[in-house]
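Colleague: Supplied structure: final_30.txt, compact mmCIF, C-alpha atoms and all ligand atoms.
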# COMPACT_ATOMS: atom_id res chain seq x y z
CA MET A 144 74.93 2.43 -22.52
CA ASP A 145 76.31 1.36 -19.18
CA ILE A 146 73.05 -0.19 -17.98
CA ALA A 147 74.43 -1.27 -14.61
CA LYS A 148 75.51 2.33 -13.89
CA ILE A 149 72.13 3.75 -14.95
CA LYS A 150 70.35 1.30 -12.64
CA GLU A 151 72.68 2.08 -9.76
CA GLN A 152 72.04 5.81 -10.22
CA ALA A 153 68.28 5.14 -10.30
CA ARG A 154 68.42 3.10 -7.08
CA ALA A 155 70.39 5.81 -5.29
CA GLY A 156 68.80 8.94 -6.83
CA TRP A 157 65.17 7.87 -6.52
CA SER A 158 65.75 6.97 -2.86
CA MET A 159 66.42 10.64 -2.04
CA GLY A 160 64.05 13.47 -1.10
CA GLU A 161 60.89 13.38 1.01
CA TYR A 162 58.66 12.54 -1.99
CA THR A 163 55.27 13.08 -0.26
CA GLY A 164 54.73 16.46 -1.97
CA LEU A 165 55.52 15.11 -5.44
CA SER A 166 53.44 12.00 -4.76
CA GLU A 167 50.46 14.25 -4.04
CA MET A 168 51.01 16.13 -7.30
CA LEU A 169 50.92 12.83 -9.27
CA ARG A 170 48.09 11.13 -7.36
CA PRO A 171 45.16 12.16 -9.60
CA ALA A 172 46.91 10.52 -12.57
CA ALA A 173 47.10 7.24 -10.63
CA GLN A 174 43.36 7.33 -9.93
CA ARG A 175 42.70 8.17 -13.56
CA LEU A 176 44.82 5.23 -14.73
CA ALA A 177 43.06 2.82 -12.33
CA ASP A 178 39.72 4.02 -13.73
CA ALA A 179 40.90 3.77 -17.34
CA CYS A 180 42.13 0.20 -16.69
CA ALA A 181 38.75 -0.62 -15.05
CA VAL A 182 40.53 -2.11 -12.03
CA SER A 183 37.98 -3.89 -9.88
CA ALA A 184 37.45 -6.04 -6.79
CA GLY A 185 38.87 -9.54 -6.99
CA GLN A 186 41.64 -8.63 -9.44
CA GLU A 187 45.33 -8.95 -8.72
CA VAL A 188 47.23 -5.83 -9.80
CA LEU A 189 50.94 -4.98 -10.09
CA ASP A 190 52.13 -1.38 -9.64
CA VAL A 191 55.46 -1.04 -11.49
CA ALA A 192 57.89 1.72 -10.43
CA ALA A 193 55.33 2.40 -7.73
CA GLY A 194 57.06 5.25 -5.89
CA ASP A 195 55.23 5.44 -2.57
CA GLY A 196 52.25 3.61 -4.05
CA ASN A 197 49.77 6.01 -5.67
CA PHE A 198 48.51 3.50 -8.25
CA ALA A 199 48.69 0.65 -5.71
CA VAL A 200 46.45 2.58 -3.32
CA ALA A 201 43.99 3.60 -6.06
CA CYS A 202 43.65 -0.09 -7.05
CA ALA A 203 43.36 -1.30 -3.45
CA ASP A 204 40.55 1.24 -2.99
CA GLU A 205 38.70 -0.55 -5.82
CA GLY A 206 39.04 -3.84 -3.88
CA ALA A 207 41.96 -5.30 -5.85
CA THR A 208 44.79 -7.28 -4.29
CA VAL A 209 47.96 -5.32 -5.02
CA VAL A 210 51.69 -5.91 -5.29
CA ALA A 211 53.83 -2.75 -5.50
CA SER A 212 57.40 -2.74 -6.84
CA ASP A 213 60.10 -0.16 -7.38
CA ILE A 214 63.80 -0.18 -8.20
CA ALA A 215 64.78 2.22 -5.38
CA PRO A 216 65.11 0.75 -1.88
CA GLY A 217 64.37 4.15 -0.32
CA MET A 218 61.15 4.41 -2.28
CA VAL A 219 60.04 0.89 -1.32
CA GLU A 220 60.66 1.81 2.31
CA LYS A 221 58.57 4.98 1.97
CA GLY A 222 55.80 3.13 0.13
CA ARG A 223 55.69 0.29 2.61
CA ALA A 224 55.49 2.76 5.53
CA ARG A 225 52.81 4.87 3.80
CA THR A 226 50.49 2.01 2.86
CA ALA A 227 50.86 0.33 6.27
CA ALA A 228 50.09 3.65 8.02
CA GLU A 229 47.02 4.11 5.79
CA GLY A 230 45.83 0.57 6.60
CA TYR A 231 46.40 -1.13 3.22
CA GLY A 232 47.58 -4.73 2.97
CA ILE A 233 49.83 -4.08 -0.03
CA GLU A 234 52.86 -6.32 -0.64
CA TRP A 235 56.07 -4.39 -1.49
CA LEU A 236 59.28 -5.46 -3.14
CA GLU A 237 62.31 -4.05 -4.91
CA ALA A 238 62.17 -4.80 -8.63
CA ASP A 239 63.46 -3.39 -11.90
CA ALA A 240 60.74 -2.72 -14.49
CA GLU A 241 63.03 -4.38 -17.05
CA ASP A 242 63.32 -7.60 -15.03
CA LEU A 243 60.12 -8.27 -13.11
CA PRO A 244 60.42 -11.18 -10.63
CA PHE A 245 56.97 -12.65 -11.36
CA GLU A 246 55.70 -15.62 -13.33
CA ASP A 247 54.13 -15.17 -16.76
CA GLY A 248 50.49 -14.10 -16.80
CA ARG A 249 50.14 -13.67 -13.03
CA PHE A 250 48.33 -10.31 -12.90
CA ASP A 251 44.93 -9.07 -14.10
CA CYS A 252 46.36 -5.58 -14.57
CA VAL A 253 49.87 -4.11 -14.63
CA GLY A 254 50.14 -0.33 -14.31
CA SER A 255 52.87 2.28 -14.01
CA VAL A 256 52.41 5.98 -13.27
CA PHE A 257 55.35 8.03 -14.62
CA GLY A 258 57.61 5.12 -13.65
CA ALA A 259 58.19 2.45 -16.32
CA MET A 260 58.66 5.36 -18.74
CA ILE A 261 62.00 5.99 -16.99
CA ALA A 262 63.49 2.55 -17.70
CA PRO A 263 66.44 2.95 -20.12
CA ARG A 264 65.34 0.08 -22.43
CA PRO A 265 61.66 0.81 -23.11
CA ARG A 266 61.03 -2.27 -25.24
CA GLN A 267 62.41 -4.49 -22.48
CA ALA A 268 60.18 -2.79 -19.87
CA ALA A 269 57.17 -3.21 -22.19
CA GLU A 270 57.94 -6.91 -22.75
CA GLU A 271 58.18 -7.48 -19.02
CA MET A 272 54.89 -5.71 -18.23
CA PHE A 273 53.07 -7.68 -20.95
CA ARG A 274 54.72 -10.94 -19.88
CA VAL A 275 53.40 -10.76 -16.31
CA VAL A 276 49.84 -9.71 -17.24
CA ARG A 277 47.29 -12.39 -18.20
CA PRO A 278 46.59 -12.70 -21.94
CA GLY A 279 43.64 -10.47 -22.85
CA ASN A 280 44.22 -8.24 -19.84
CA THR A 281 45.43 -4.68 -19.34
CA VAL A 282 48.73 -2.86 -19.19
CA GLY A 283 48.40 0.84 -18.32
CA MET A 284 50.97 3.62 -18.22
CA THR A 285 51.18 7.36 -17.89
CA ALA A 286 53.98 9.30 -19.58
CA TRP A 287 54.96 12.97 -19.67
CA CYS A 288 54.36 14.87 -22.92
CA SER A 289 56.81 17.11 -24.76
CA GLU A 290 55.10 20.28 -23.56
CA GLY A 291 54.20 21.85 -20.24
CA PRO A 292 56.09 22.22 -16.96
CA THR A 293 57.65 18.74 -16.78
CA TYR A 294 59.07 19.09 -20.28
CA ASP A 295 60.40 22.56 -19.43
CA MET A 296 62.09 21.10 -16.35
CA PHE A 297 63.58 18.16 -18.30
CA GLN A 298 64.99 20.53 -20.91
CA LEU A 299 66.49 22.87 -18.36
CA THR A 300 67.99 20.27 -16.01
CA ARG A 301 69.49 18.31 -18.94
CA ASN A 302 71.77 21.29 -19.54
CA TYR A 303 73.21 20.97 -16.06
CA GLY A 304 73.68 17.22 -15.62
CA PRO A 305 76.33 15.05 -17.25
CA PRO A 306 75.59 14.27 -20.92
CA ALA A 307 73.03 11.49 -21.38
CA PRO A 308 74.60 8.13 -22.32
CA ASP A 309 74.55 7.39 -26.07
CA GLY A 310 71.40 5.54 -27.01
CA LEU A 311 69.38 6.52 -23.93
CA PRO A 312 65.89 7.41 -25.20
CA ARG A 313 64.39 10.70 -24.07
CA LEU A 314 61.61 10.26 -21.52
CA GLU A 315 59.06 12.22 -23.52
CA GLU A 316 59.32 9.81 -26.48
CA TRP A 317 56.75 7.66 -24.64
CA SER A 318 54.16 10.37 -25.36
CA GLN A 319 54.37 9.89 -29.17
CA GLU A 320 51.69 7.57 -30.52
CA GLN A 321 53.98 6.02 -33.14
CA VAL A 322 56.63 5.26 -30.52
CA VAL A 323 54.09 3.61 -28.18
CA ARG A 324 52.84 1.48 -31.10
CA GLU A 325 56.39 0.40 -31.96
CA ARG A 326 57.27 -0.39 -28.34
CA PHE A 327 54.06 -2.44 -27.92
CA ASP A 328 54.27 -4.06 -31.35
CA GLY A 329 53.42 -7.76 -31.14
CA LEU A 330 52.60 -7.45 -27.42
CA ALA A 331 49.27 -5.57 -27.47
CA ASN A 332 46.23 -6.18 -29.64
CA SER A 333 44.61 -2.87 -28.74
CA ILE A 334 46.06 0.45 -27.57
CA GLU A 335 44.05 3.44 -26.37
CA LEU A 336 45.75 6.79 -25.89
CA GLU A 337 44.29 9.83 -24.17
CA ARG A 338 45.92 13.15 -23.39
CA ALA A 339 45.30 14.53 -19.91
CA THR A 340 46.61 17.19 -17.53
CA LEU A 341 47.45 17.52 -13.86
CA PRO A 342 46.75 20.98 -12.44
CA TRP A 343 49.84 22.02 -10.47
CA SER A 344 49.73 25.07 -8.26
CA ALA A 345 52.02 26.91 -5.87
CA ASP A 346 52.01 30.12 -3.86
CA SER A 347 54.98 31.41 -5.84
CA PRO A 348 57.64 30.27 -8.34
CA GLU A 349 60.21 30.22 -5.50
CA GLU A 350 57.96 28.01 -3.38
CA PHE A 351 57.42 25.61 -6.30
CA VAL A 352 61.15 25.10 -6.88
CA ALA A 353 61.90 24.84 -3.14
CA GLY A 354 59.17 22.17 -2.90
CA MET A 355 60.74 20.25 -5.75
CA GLU A 356 64.13 20.40 -4.07
CA ARG A 357 62.62 18.97 -0.91
CA HIS A 358 60.36 16.34 -2.45
CA ALA A 359 61.54 15.43 -5.99
CA PRO A 360 64.21 12.72 -5.68
CA MET A 361 66.18 13.69 -8.76
CA GLN A 362 66.37 17.36 -7.77
CA ALA A 363 67.48 16.34 -4.27
CA ALA A 364 70.11 14.10 -5.92
CA ALA A 365 71.24 16.98 -8.16
CA LYS A 366 71.69 19.18 -5.11
CA ALA A 367 73.73 16.48 -3.36
CA ASN A 368 75.91 15.71 -6.38
CA MET A 369 76.48 19.02 -8.20
CA ALA A 370 79.03 21.71 -7.34
CA PRO A 371 77.14 24.21 -5.11
CA ASP A 372 77.55 27.21 -7.48
CA ARG A 373 76.41 25.14 -10.48
CA TYR A 374 73.38 23.90 -8.51
CA ALA A 375 72.59 27.48 -7.39
CA GLU A 376 72.66 28.60 -11.03
CA MET A 377 70.30 25.78 -12.05
CA TYR A 378 68.01 26.58 -9.12
CA GLU A 379 67.77 30.23 -10.18
CA LYS A 380 67.01 29.18 -13.77
CA LEU A 381 64.24 26.89 -12.46
CA VAL A 382 62.72 29.79 -10.51
CA GLU A 383 62.89 31.96 -13.64
CA MET A 384 61.19 29.19 -15.63
CA ALA A 385 58.38 28.94 -13.05
CA ARG A 386 58.05 32.75 -13.18
CA GLY A 387 57.38 32.32 -16.87
CA TRP A 388 54.45 29.97 -16.10
CA ALA A 389 53.18 32.28 -13.35
CA GLY A 390 53.58 35.51 -15.28
CA GLY A 391 55.28 36.98 -12.18
CA ASP A 392 56.17 36.15 -8.59
CA GLY A 393 52.70 35.38 -7.24
CA PRO A 394 50.54 32.26 -6.90
CA PHE A 395 49.95 30.26 -10.07
CA GLU A 396 48.43 27.16 -11.56
CA VAL A 397 49.88 25.35 -14.55
CA ASP A 398 48.77 22.23 -16.45
CA ALA A 399 51.23 19.32 -16.52
CA HIS A 400 50.49 17.40 -19.74
CA TYR A 401 50.64 13.63 -19.88
CA LEU A 402 49.53 10.72 -22.00
CA LEU A 403 47.36 7.93 -20.59
CA ILE A 404 48.13 4.61 -22.29
CA VAL A 405 45.85 1.58 -21.90
CA ALA A 406 46.66 -1.59 -23.85
CA ARG A 407 45.40 -5.19 -23.86
CA ARG A 408 47.77 -8.12 -24.09
CA ARG A 409 47.28 -10.38 -27.10
CA GLY A 410 45.39 -13.53 -26.19
C1 LIG B 1 58.21 9.97 -10.81
S1 LIG B 1 58.33 8.58 -9.75
C2 LIG B 1 56.68 7.95 -9.90
C3 LIG B 1 56.35 7.04 -8.76
C4 LIG B 1 54.91 6.59 -8.61
N1 LIG B 1 54.48 5.74 -9.68
C5 LIG B 1 53.95 7.71 -8.35
O1 LIG B 1 52.91 7.77 -8.99
O2 LIG B 1 54.20 8.53 -7.47
C6 LIG B 1 59.27 7.43 -10.73
C7 LIG B 1 59.54 6.10 -10.02
O3 LIG B 1 60.15 5.19 -10.97
C8 LIG B 1 61.09 4.39 -10.26
N2 LIG B 1 62.00 3.80 -11.25
C9 LIG B 1 62.91 4.43 -12.03
N3 LIG B 1 63.52 3.53 -12.83
C10 LIG B 1 62.97 2.31 -12.56
C11 LIG B 1 63.17 1.00 -13.05
N4 LIG B 1 64.07 0.73 -14.02
N5 LIG B 1 62.43 -0.01 -12.55
C12 LIG B 1 61.54 0.23 -11.56
N6 LIG B 1 61.32 1.45 -11.03
C13 LIG B 1 62.01 2.49 -11.54
C14 LIG B 1 61.71 5.37 -9.29
O4 LIG B 1 62.37 4.72 -8.25
C15 LIG B 1 60.50 6.18 -8.85
O5 LIG B 1 59.89 5.64 -7.71
Represent the structure of the file as structure tokens.
Modeller:
Amino acid sequence: MDIAKIKEQARAGWSMGEYTGLSEMLRPAAQRLADACAVSAGQEVLDVAAGDGNFAVACADEGATVVASDIAPGMVEKGRARTAAEGYGIEWLEADAEDLPFEDGRFDCVGSVFGAMIAPRPRQAAEEMFRVVRPGNTVGMTAWCSEGPTYDMFQLTRNYGPPAPDGLPRLEEWSQEQVVRERFDGLANSIELERATLPWSADSPEEFVAGMERHAPMQAAAKANMAPDRYAEMYEKLVEMARGWAGGDGPFEVDAHYLLIVARRRG
């Protein structure tokens, strides 16, 4: 794997798109993770691959002091602007989940909502998250499952992008219990897993896909980087896929399945 290239593509790709619409779709999972990690006042929390700060904000609402980090400069800019506008004193910085610039054991909780799951070397991301949390304390993640709308979109868009580099794990592997246990082996002394769903709705399949194009960074990046006719074909296939969820062209609601992972670092 050309790790430097993957990271460069992540920095550029995840900086694209408006993001606010997708952020809203993910927000309930961030609140759920903060609750599952029992984040509370007086704690210091790190949001890894924070996007525009959903988990950071949920933790700050509980009274925690929060640092938010993300690999993409454009995302850090959006997050910093959002949390300042909403009146939160959250510290932001650019950081790779696989190389966190913090001292060992600094945080009371380290969480990542659909973010650390994207890092190309999952064991390295896990080691980093456990390194910077205090022994006995909590690492939390959410990860997409291999079913539902996100999985359908991964499967479809994979057919249109360049082939995945050899050895790059599939994102949905994080949703398999055995894989989580292997990736956390020797790092965690307890792991709790819970399946959950996000209810996603739209006025029509067309509106759903147009919203993704506007807000989802990787779809915006695909539009910018693919030949226009190839992108148009993928777009039409995405609309067809959403029609399948909707059972037609009208309004719909669909459950996006994810796994909630809460683990404690060995003392
Ligand atoms: C689907 S977004 C989720 C963002 C946010 N946690 C939320 O709830 O909205 C995925 C995020 O992971 C970030 N990301 C991808 N690879 C990363 C890496 N190796 N290290 C840190 N952040 C990464 C992206 O920049 C993006 O902000």
Colleague: Go through A:Glu205, A:Glu396, A:Asp178, A:Asp372 one by one, measure the shortest atom-to-atom distance of each to A:Ser347 using only C-alpha atoms, and give the residue with the smallest value.
Modeller: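 So, comparing all the options, the nearest one is A:Glu396.
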Colleague: Can you tell me which residues surround A:Ala173 at a distance of at most 9 Å, considering all atoms listed in the file, apart from same-chain residues fewer than 4 positions away, and format the answer as a list in words?
Modeller: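 These residues fall inside the cut-off: Leu169, Ala177, Asp178, Asn197, Phe198, Ala199, Val200, Ala201, Cys202, Gly254, Ser255, Val256 and Thr285 of chain A.
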Colleague: Mind listing as a list of chain:residue names all residues within 6 Å of (53.3, 12.5, -21.3), counting only C-alpha atoms?
Modeller: A:Ala286, A:Trp287, A:Cys288, A:Ser318, A:His400, A:Tyr401, A:Leu402
Colleague: Can you measure atom CA of A:Val188 to atom CA of A:Leu176 for me? One decimal in Å is fine.
Modeller: 12.3 Å
Colleague: What is the atom CA of A:Val405 to atom C9 of ligand LIG 1 (chain B) distance in Å?
Modeller: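 Pair atom CA of A:Val405 / atom C9 of ligand LIG 1 (chain B) returns 19.9 Å.
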Colleague: Write out as CSV a residue-level contact list of chain A versus ligand LIG 1 (chain B) with cut-off 6 Å: for each qualifying residue the closest pair of atoms and the distance in Å to one decimal, counting all atoms listed in the file, rows sorted by chain and residue number upward.
Modeller:
residue,atom,partner,partner_atom,distance
A:Ala153,CA,B:LIG1,N3,5.6
A:Trp157,CA,B:LIG1,O4,4.6
A:Ser166,CA,B:LIG1,O2,4.5
A:Leu169,CA,B:LIG1,O1,5.4
A:Ala192,CA,B:LIG1,N6,3.5
A:Ala193,CA,B:LIG1,N1,4.0
A:Gly194,CA,B:LIG1,O5,3.4
A:Asp195,CA,B:LIG1,O2,5.9
A:Asn197,CA,B:LIG1,O1,4.9
A:Asp213,CA,B:LIG1,N6,4.2
A:Ile214,CA,B:LIG1,C12,4.1
A:Ala215,CA,B:LIG1,O4,4.5
A:Met218,CA,B:LIG1,O5,5.7
A:Ala238,CA,B:LIG1,C12,5.9
A:Asp239,CA,B:LIG1,N5,3.6
A:Ala240,CA,B:LIG1,N5,3.7
A:Ser255,CA,B:LIG1,N1,5.8
A:Val256,CA,B:LIG1,N1,4.2
A:Phe257,CA,B:LIG1,C2,4.9
A:Gly258,CA,B:LIG1,O3,3.7
A:Ile261,CA,B:LIG1,N3,5.1
A:Ala262,CA,B:LIG1,N4,4.1
Colleague: Would you put the residues from that selection into a file with C-alpha atoms, as an mmCIF file, keeping the file's coordinate frame?
Modeller:
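File written: result_4.cif
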data_model
loop_
_atom_site.group_PDB
_atom_site.id
_atom_site.type_symbol
_atom_site.label_atom_id
_atom_site.label_comp_id
_atom_site.auth_asym_id
_atom_site.auth_seq_id
_atom_site.Cartn_x
_atom_site.Cartn_y
_atom_site.Cartn_z
ATOM 1 C CA ALA A 153 68.280 5.140 -10.300
ATOM 2 C CA TRP A 157 65.170 7.870 -6.520
ATOM 3 C CA SER A 166 53.440 12.000 -4.760
ATOM 4 C CA LEU A 169 50.920 12.830 -9.270
ATOM 5 C CA ALA A 192 57.890 1.720 -10.430
ATOM 6 C CA ALA A 193 55.330 2.400 -7.730
ATOM 7 C CA GLY A 194 57.060 5.250 -5.890
ATOM 8 C CA ASP A 195 55.230 5.440 -2.570
ATOM 9 C CA ASN A 197 49.770 6.010 -5.670
ATOM 10 C CA ASP A 213 60.100 -0.160 -7.380
ATOM 11 C CA ILE A 214 63.800 -0.180 -8.200
ATOM 12 C CA ALA A 215 64.780 2.220 -5.380
ATOM 13 C CA MET A 218 61.150 4.410 -2.280
ATOM 14 C CA ALA A 238 62.170 -4.800 -8.630
ATOM 15 C CA ASP A 239 63.460 -3.390 -11.900
ATOM 16 C CA ALA A 240 60.740 -2.720 -14.490
ATOM 17 C CA SER A 255 52.870 2.280 -14.010
ATOM 18 C CA VAL A 256 52.410 5.980 -13.270
ATOM 19 C CA PHE A 257 55.350 8.030 -14.620
ATOM 20 C CA GLY A 258 57.610 5.120 -13.650
ATOM 21 C CA ILE A 261 62.000 5.990 -16.990
ATOM 22 C CA ALA A 262 63.490 2.550 -17.700
#
Colleague: I'd like to know which of A:Ala385, A:Val282, A:Ala367, A:Val219 is closest to A:Arg154, using all atoms listed in the file.
Modeller: A:Val219
Colleague: Box time for stretch 365-370 of chain A: axis-aligned, enclosing all its listed atoms, 5 Å extra on each side; report centre and edge lengths in Å to one decimal, as lines of an AutoDock Vina configuration file.
Modeller:
center_x = 75.1
center_y = 18.7
center_z = -5.8
size_x = 17.8
size_y = 16.0
size_z = 14.8
Colleague: Between A:Gly391, A:Gly232, A:Gly291, A:Pro244, which is the closest to A:Ser212 once you count only C-alpha atoms?
Modeller: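 For A:Ser212, the nearest of the candidates is A:Pro244.
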Colleague: Quote the spacing between atom CA of A:Gly393 and atom CA of A:Glu290 in Å to one decimal place.
Modeller: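 These atoms are spaced 22.4 Å apart.
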Colleague: Would you please work out which residue, of A:Pro216, A:Gly206, A:Gly354, A:Gly283, is nearest to A:Ile334 when using only C-alpha atoms?
Modeller: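 When distances to A:Ile334 are compared using only C-alpha atoms, the smallest one comes from A:Gly283.
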Colleague: Would you mind writing stretch 315-331 of chain A with N, CA and C atoms, as an mmCIF file, in the coordinates of the input?
Modeller:
data_model
loop_
_atom_site.group_PDB
_atom_site.id
_atom_site.type_symbol
_atom_site.label_atom_id
_atom_site.label_comp_id
_atom_site.auth_asym_id
_atom_site.auth_seq_id
_atom_site.Cartn_x
_atom_site.Cartn_y
_atom_site.Cartn_z
ATOM 1 N N GLU A 315 60.312 11.767 -22.901
ATOM 2 C CA GLU A 315 59.060 12.220 -23.520
ATOM 3 C C GLU A 315 58.722 11.458 -24.805
ATOM 4 N N GLU A 316 59.650 10.600 -25.280
ATOM 5 C CA GLU A 316 59.320 9.810 -26.480
ATOM 6 C C GLU A 316 58.104 8.906 -26.239
ATOM 7 N N TRP A 317 57.909 8.503 -24.958
ATOM 8 C CA TRP A 317 56.750 7.660 -24.640
ATOM 9 C C TRP A 317 55.420 8.350 -24.951
ATOM 10 N N SER A 318 55.436 9.675 -25.118
ATOM 11 C CA SER A 318 54.160 10.370 -25.360
ATOM 12 C C SER A 318 53.823 10.453 -26.843
ATOM 13 N N GLN A 319 54.676 9.870 -27.720
ATOM 14 C CA GLN A 319 54.370 9.890 -29.170
ATOM 15 C C GLN A 319 53.651 8.601 -29.557
ATOM 16 N N GLU A 320 52.510 8.744 -30.192
ATOM 17 C CA GLU A 320 51.690 7.570 -30.520
ATOM 18 C C GLU A 320 52.485 6.518 -31.288
ATOM 19 N N GLN A 321 53.250 6.959 -32.293
ATOM 20 C CA GLN A 321 53.980 6.020 -33.140
ATOM 21 C C GLN A 321 55.002 5.229 -32.315
ATOM 22 N N VAL A 322 55.621 5.914 -31.365
ATOM 23 C CA VAL A 322 56.630 5.260 -30.520
ATOM 24 C C VAL A 322 55.956 4.223 -29.608
ATOM 25 N N VAL A 323 54.811 4.583 -29.032
ATOM 26 C CA VAL A 323 54.090 3.610 -28.180
ATOM 27 C C VAL A 323 53.723 2.392 -29.021
ATOM 28 N N ARG A 324 53.240 2.610 -30.239
ATOM 29 C CA ARG A 324 52.840 1.480 -31.100
ATOM 30 C C ARG A 324 54.037 0.589 -31.419
ATOM 31 N N GLU A 325 55.195 1.212 -31.675
ATOM 32 C CA GLU A 325 56.390 0.400 -31.960
ATOM 33 C C GLU A 325 56.828 -0.387 -30.720
ATOM 34 N N ARG A 326 56.801 0.284 -29.566
ATOM 35 C CA ARG A 326 57.270 -0.390 -28.340
ATOM 36 C C ARG A 326 56.331 -1.529 -27.925
ATOM 37 N N PHE A 327 55.048 -1.411 -28.285
ATOM 38 C CA PHE A 327 54.060 -2.440 -27.920
ATOM 39 C C PHE A 327 53.791 -3.414 -29.075
ATOM 40 N N ASP A 328 54.538 -3.247 -30.161
ATOM 41 C CA ASP A 328 54.270 -4.060 -31.350
ATOM 42 C C ASP A 328 54.409 -5.550 -31.032
ATOM 43 N N GLY A 329 53.379 -6.316 -31.381
ATOM 44 C CA GLY A 329 53.420 -7.760 -31.140
ATOM 45 C C GLY A 329 53.054 -8.146 -29.711
ATOM 46 N N LEU A 330 52.943 -7.165 -28.824
ATOM 47 C CA LEU A 330 52.600 -7.450 -27.420
ATOM 48 C C LEU A 330 51.121 -7.156 -27.160
ATOM 49 N N ALA A 331 50.636 -6.045 -27.741
ATOM 50 C CA ALA A 331 49.270 -5.570 -27.470
ATOM 51 C C ALA A 331 48.398 -5.818 -28.703
#
